[in-house]
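Since the structure comes first, as structure tokens, the remarks are kept for the end.
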Amino acid sequence: MKRIISNLISGIAVLTGLSSGVSAQNADVVRLGLRQTINLAADSSLSAFRYRNLYESGYWAYRSFKANRLPSMSINMTPARYYRDIVSRYDYDNNIDVYRSQQSYFASLGLNLTQNFDWLGGTFFVESDIDYIHNMGANKFSQFSSVPVRIGYSQQLLGYNSFKWEKRIEPVKYEKVKREYLYNMESVSENAVSLFFNLALAQAEDKLAHENLASADTLYAMGERKFKIASISQAELLTLKLDLVNAKNSVENSRISLNRANAALASFLGMDRDTHLEVELPSLPVYREIPVVEALALARENSAALLADKQGILEAESEVSRRKVENMFSASFSASVGFNQIGDNFGAAYRHLMRQDMVSVSLTIPLLDWGVRKGRYKMAVSSLNEKRISARQNEESLNEEVAMTVDDFNIRLDMIKSAQEAMDLADMAYDRTRQRFMIGKSDLSSMTLASARRQEATRNYIEALKNYWLSYYTLRKLTLYDFELGIPLSRKFDIENHVK
């Protein structure tokens with residue numbers, strides 16, 4: 001798979017480029033944006049490798065099916081077969097069976113060319129054989145037998161046509177495997193988004209914790225000076241000291257959370273757990289509203305789950321067809337025409353060829369089986385009905401999930417804007433409250449409240465971004481559609497991998 005190999009190389013190149021790009025600034029830091037993180041996850045995560053292997057298994061199964069539709073050629077060879085045994089022979093002179101010792105050597109060579117005929121379910125074949133036998137002992141004898149060419153055709157006249165059903169099922173089966181791979185890769189993107197914003201939140205909280213520590217330290221130092229001049233009470237000074245101690249604890253807790261979030265993302269991307277990552281929050285997304293009707297149509301058209309249901313129904317219909325035929329009599333037909341000859345030497349076996357014709361018709365008629373065939377047919381019909389009902393239920397569940405995801409996605413951008421506005425206001429309020437506190441125009445409670453609101457607003461903004469992108473990739477996963485390029489992911493995959 002050229003595409004998969006190129007993905008692996010590009011993943012290594014991205015990692016190398018990222019490392020070399022930051023070496024001039026900080027050799028231990030790798031900076032990542034959201035897009036880079038998703039691309040690295042698709043190329044280097046263990047989950048992505050697993051899903052690629054699952055896809056390749058289905059891909060080569062489909063290739064085998066396609067190859068089985070083409071002519072196949074084989075050589076059947078028995079270079080040597082030697083017998084030395086005692087066998088039963090008829091004695092014509094005495095009209096009795098007797099045992100006699102026998103030594104013989106046998107060899108054969110055959111060339112076969114076959115072609116399956118899907119429409120009728122039969123097989124064309126062309127054969128050429130040469131056999132040699134040599135008897136040893138008292139009565140030495142050698143002989144060649146040849147079939148220079150034999151052309152024939154065989155098939156079930158009223159039987160189950162496996163070729164026809166394979167031709168219907170296998171393309172659907174491969175398309176399902178491909179869409180399941182794309183679905184799983186979108187799940188990888190979802191995980192990458194979640195881990196990315198977890199680290200972004202941990203970084204933001206760690207930054208705020210250090211800022212709060214610096215602020216608490218400054219405020220406590222100011223409080224000590226004010227306490228000496230009796231500007232604040234001892235209770236207020238102790239509160240400032242408590243804030244300083246809590247700020248130090250918050251720094252330690254934020255450091256632990258940051259290390260865990262960093263290690264989780266690094267491991268997921270296939271990097272060393274000790275790699276120090278710094279993520280950069282994406283800018284405000286471009287406004288995009290997706291109509292529910294459009295998303296539902298895309299999901300019904302591209303869903304891997306619905307295609308899996310279609311495959312299940314086709315396989316159940318195939319089984320019903322098989323069991324239905326078993327209830328009737330079956331007939332098979334085989335015919336061939338060719339030439340053959342025998343001779344004491346190789347050349348003689350190919351001279352004065354004789355016509356060889358073979359026609360065979362066989363019938364199988366069920367008479368009494370105590371209802372076994374009928375029971376199997378009824379079971380197959382019940383299984384088909386169950387799969388059809390299950391497919392309708394799955395489609396309804398998918399429609400509900402898609403509709404809820406679209407509604408959720410369409411309001412996320414407004415929530416990001418509100419969260420961004422709240423964060424800007426919280427920053428401004430914190431700065432002004434801090435300045436007023438330093439000049440004695442604001443009390444400690446107002447300062448603590450402004451700090452808490454600032455931290456909460458920052459967390460809400462990052463969570464809003466996270467929820468937006470999670471909704472987006474969930475919608476991509478359910479519809480298997482790239483809304484930026486306006487193309488189904490399956491078609492995009494075929495173009496990138498040069499699949500016709």
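Simple scheme: letters A, B, ... for chains in structure tokens order, numbers from 1 for residues in each chain, numbers from 1 for ligands in the order shown.
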Members of stretch 291-389 of chain A assigned strand (DSSP E) by DSSP, as a PyMOL selection string: chain A and resi 330-343+354-364
Please produce a file of those selected residues containing C-alpha atoms, as a compact mmCIF listing (two decimals), in the first residue's frame.
# COMPACT_ATOMS: atom_id res chain seq x y z
CA SER A 330 -30.47 -30.50 -7.74
CA ALA A 331 -28.84 -31.21 -11.08
CA SER A 332 -25.31 -30.76 -12.29
CA PHE A 333 -23.93 -30.84 -15.82
CA SER A 334 -20.44 -31.37 -17.17
CA ALA A 335 -19.28 -31.70 -20.78
CA SER A 336 -15.91 -31.74 -22.48
CA VAL A 337 -14.42 -32.46 -25.87
CA GLY A 338 -10.80 -33.23 -26.68
CA PHE A 339 -8.32 -35.76 -27.96
CA ASN A 340 -6.32 -38.60 -26.44
CA GLN A 341 -4.00 -41.42 -27.43
CA ILE A 342 -1.67 -44.03 -26.00
CA GLY A 343 1.72 -45.18 -27.22
CA MET A 354 -8.54 -40.06 -31.15
CA ARG A 355 -11.61 -37.97 -30.35
CA GLN A 356 -12.57 -37.87 -26.66
CA ASP A 357 -16.10 -36.76 -25.68
CA MET A 358 -17.56 -36.74 -22.19
CA VAL A 359 -21.02 -35.63 -21.07
CA SER A 360 -22.32 -36.05 -17.55
CA VAL A 361 -25.62 -35.15 -15.94
CA SER A 362 -26.29 -35.97 -12.30
CA LEU A 363 -29.40 -35.54 -10.18
CA THR A 364 -29.95 -35.45 -6.44
Would you list the contacts of A:His134 as JSON, numbers by chain, taking every protein, DNA or RNA residue within 9 Å and counting only C-alpha atoms, but skipping same-chain residues closer than 5 positions in sequence? {"A": [103, 104, 105, 106, 140, 141, 142, 143, 144]}
Tell me which protein, DNA and RNA residues are within 7 Å of stretch 48-54 of chain A, counting only C-alpha atoms, leaving out same-chain ones fewer than 3 positions away, and put them as number ranges by chain. A: 42-45, 57-58, 181, 184-185, 188
Counting only C-alpha atoms, which residue out of A:Ile96, A:Met271, A:Leu398, A:Val149 sits closest to A:Ala297?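 That would be A:Leu398, the residue with the smallest distance to A:Ala297.
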If you run DSSP on this backbone, which residues of stretch 38-263 of chain A come out as helix (DSSP H, G or I), and could you give them as a VMD selection string? chain A and resid 38 to 44 46 to 68 162 to 228 234 to 263
Output the selection as a short mmCIF file (atom, residue, chain, number, x, y, z; two decimals), in the first residue's frame - C-alpha atoms for each residue.
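File written: part-v1.cif
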data_model
loop_
_atom_site.label_atom_id
_atom_site.label_comp_id
_atom_site.auth_asym_id
_atom_site.auth_seq_id
_atom_site.Cartn_x
_atom_site.Cartn_y
_atom_site.Cartn_z
CA ILE A 38 -4.48 15.14 14.29
CA ASN A 39 -2.14 14.38 11.37
CA LEU A 40 0.47 12.87 13.69
CA ALA A 41 -2.19 10.74 15.37
CA ALA A 42 -3.35 9.44 11.98
CA ASP A 43 0.23 8.56 11.01
CA SER A 44 1.91 7.41 14.21
CA LEU A 46 -0.85 2.67 17.80
CA SER A 47 -4.60 2.82 17.19
CA ALA A 48 -3.98 4.05 13.63
CA PHE A 49 -1.55 1.18 12.98
CA ARG A 50 -4.10 -1.33 14.25
CA TYR A 51 -6.87 0.09 12.08
CA ARG A 52 -4.61 0.07 9.01
CA ASN A 53 -3.84 -3.61 9.55
CA LEU A 54 -7.55 -4.37 9.84
CA TYR A 55 -8.16 -2.49 6.60
CA GLU A 56 -5.32 -4.27 4.80
CA SER A 57 -6.81 -7.63 5.77
CA GLY A 58 -10.10 -6.67 4.14
CA TYR A 59 -8.32 -5.11 1.17
CA TRP A 60 -6.37 -8.27 0.34
CA ALA A 61 -9.49 -10.39 0.80
CA TYR A 62 -11.15 -8.24 -1.86
CA ARG A 63 -8.08 -8.50 -4.10
CA SER A 64 -8.30 -12.28 -3.78
CA PHE A 65 -11.96 -12.14 -4.80
CA LYS A 66 -11.09 -10.02 -7.86
CA ALA A 67 -8.25 -12.35 -8.79
CA ASN A 68 -10.59 -15.32 -8.52
CA SER A 162 -22.08 -19.04 -5.20
CA PHE A 163 -20.31 -16.96 -7.87
CA LYS A 164 -23.35 -14.73 -8.35
CA TRP A 165 -23.74 -14.06 -4.62
CA GLU A 166 -20.02 -13.45 -4.14
CA LYS A 167 -20.14 -10.88 -6.91
CA ARG A 168 -22.87 -9.02 -5.02
CA ILE A 169 -21.48 -9.42 -1.51
CA GLU A 170 -17.71 -8.98 -1.85
CA PRO A 171 -17.72 -5.38 -3.23
CA VAL A 172 -20.09 -4.37 -0.42
CA LYS A 173 -17.87 -6.18 2.07
CA TYR A 174 -14.76 -4.33 0.90
CA GLU A 175 -16.53 -0.96 0.88
CA LYS A 176 -17.70 -1.67 4.43
CA VAL A 177 -14.13 -2.47 5.52
CA LYS A 178 -12.90 0.76 3.94
CA ARG A 179 -15.61 2.86 5.60
CA GLU A 180 -15.01 1.17 8.95
CA TYR A 181 -11.35 2.13 8.59
CA LEU A 182 -12.33 5.75 7.88
CA TYR A 183 -14.79 5.68 10.80
CA ASN A 184 -12.08 4.39 13.12
CA MET A 185 -9.60 6.99 11.90
CA GLU A 186 -12.11 9.71 12.71
CA SER A 187 -12.29 8.17 16.18
CA VAL A 188 -8.51 8.56 16.34
CA SER A 189 -8.98 12.23 15.44
CA GLU A 190 -11.56 12.55 18.22
CA ASN A 191 -9.12 11.08 20.74
CA ALA A 192 -6.38 13.39 19.48
CA VAL A 193 -8.67 16.42 19.87
CA SER A 194 -9.62 15.39 23.40
CA LEU A 195 -6.00 14.82 24.50
CA PHE A 196 -4.87 18.02 22.76
CA PHE A 197 -7.34 20.20 24.64
CA ASN A 198 -6.73 18.32 27.89
CA LEU A 199 -3.10 19.38 27.59
CA ALA A 200 -4.11 22.91 26.54
CA LEU A 201 -6.29 23.18 29.63
CA ALA A 202 -3.55 21.81 31.85
CA GLN A 203 -1.09 24.32 30.37
CA ALA A 204 -3.50 27.19 30.90
CA GLU A 205 -4.21 26.17 34.50
CA ASP A 206 -0.49 25.73 35.17
CA LYS A 207 0.15 29.21 33.78
CA LEU A 208 -2.65 30.68 35.88
CA ALA A 209 -1.40 28.82 38.94
CA HIS A 210 2.07 30.37 38.55
CA GLU A 211 0.54 33.79 37.95
CA ASN A 212 -1.64 33.36 41.03
CA LEU A 213 1.42 32.31 43.02
CA ALA A 214 3.34 35.39 41.91
CA SER A 215 0.33 37.58 42.65
CA ALA A 216 -0.26 35.95 46.05
CA ASP A 217 3.39 36.39 46.93
CA THR A 218 3.27 40.06 45.95
CA LEU A 219 0.01 40.63 47.83
CA TYR A 220 1.34 38.94 50.95
CA ALA A 221 4.48 41.07 50.86
CA MET A 222 2.29 44.17 50.52
CA GLY A 223 0.08 42.91 53.32
CA GLU A 224 3.03 42.57 55.65
CA ARG A 225 3.97 46.19 55.00
CA LYS A 226 0.38 47.34 55.49
CA PHE A 227 0.06 45.31 58.69
CA LYS A 228 3.13 47.04 60.12
CA GLN A 234 -4.03 40.41 61.37
CA ALA A 235 -6.95 38.32 60.11
CA GLU A 236 -6.55 39.83 56.65
CA LEU A 237 -2.80 39.18 56.76
CA LEU A 238 -3.39 35.55 57.71
CA THR A 239 -5.85 35.25 54.84
CA LEU A 240 -3.19 36.55 52.43
CA LYS A 241 -0.74 34.03 53.81
CA LEU A 242 -3.32 31.27 53.40
CA ASP A 243 -3.82 32.36 49.78
CA LEU A 244 -0.05 32.13 49.27
CA VAL A 245 0.08 28.59 50.69
CA ASN A 246 -2.92 27.55 48.58
CA ALA A 247 -1.29 29.10 45.51
CA LYS A 248 1.86 27.01 46.11
CA ASN A 249 -0.26 23.86 46.44
CA SER A 250 -2.14 24.78 43.26
CA VAL A 251 1.17 25.06 41.40
CA GLU A 252 2.15 21.56 42.50
CA ASN A 253 -1.24 20.13 41.58
CA SER A 254 -1.20 21.88 38.21
CA ARG A 255 2.30 20.54 37.55
CA ILE A 256 1.12 16.97 38.19
CA SER A 257 -1.92 17.44 35.93
CA LEU A 258 0.27 19.00 33.24
CA ASN A 259 2.75 16.10 33.33
CA ARG A 260 -0.06 13.57 33.05
CA ALA A 261 -1.75 15.37 30.15
CA ASN A 262 1.62 15.80 28.41
CA ALA A 263 2.53 12.13 28.80
#
Atom CA of A:Met379 to atom CA of A:Asp118 measures 27.1 Å
Need to verify the contact set: A:Arg288, 10 Å, only C-alpha atoms, exclusion of same-chain residues closer than 2 positions in sequence. Can you return it as a list in words? Pro285, Val286, Ile290, Pro291, Phe409, Asn410, Leu413, Phe483 and Glu484 of chain A
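Going from atom CA of A:Leu307 to atom CA of A:Ala403 covers 19.4 Å.
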Give one line per residue of stretch 269-320 of chain A that approaches stretch 459-475 of chain A to at most 10 Å, naming the two atoms of the closest pair and their distance in Å to one decimal, counting only C-alpha atoms; sort by chain then ascending residue number and deliver it as CSV.
residue,atom,partner,partner_atom,distance
A:Leu281,CA,A:Ile462,CA,8.2
A:Pro282,CA,A:Leu465,CA,8.3
A:Ser283,CA,A:Leu465,CA,9.2
A:Leu284,CA,A:Leu465,CA,8.3
A:Pro285,CA,A:Leu465,CA,8.8
A:Ile290,CA,A:Leu475,CA,9.9
A:Ala295,CA,A:Leu475,CA,8.2
A:Ala299,CA,A:Leu475,CA,9.1
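Take the candidates A:Leu478, A:Leu157, A:Leu485, A:Ile365 and check each one against A:Ala305 using only C-alpha atoms; the shortest distance goes to A:Leu478.
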Return the single residue from A:Tyr430, A:Phe125, A:Phe493, A:Tyr90 that is closest to A:Thr448, with distances computed using only C-alpha atoms.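 Of the candidates, the smallest distance to A:Thr448 is held by A:Tyr430.
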Two-atom distance - atom CA of A:Thr433, atom CA of A:Met447 (Å): 6.0 Å
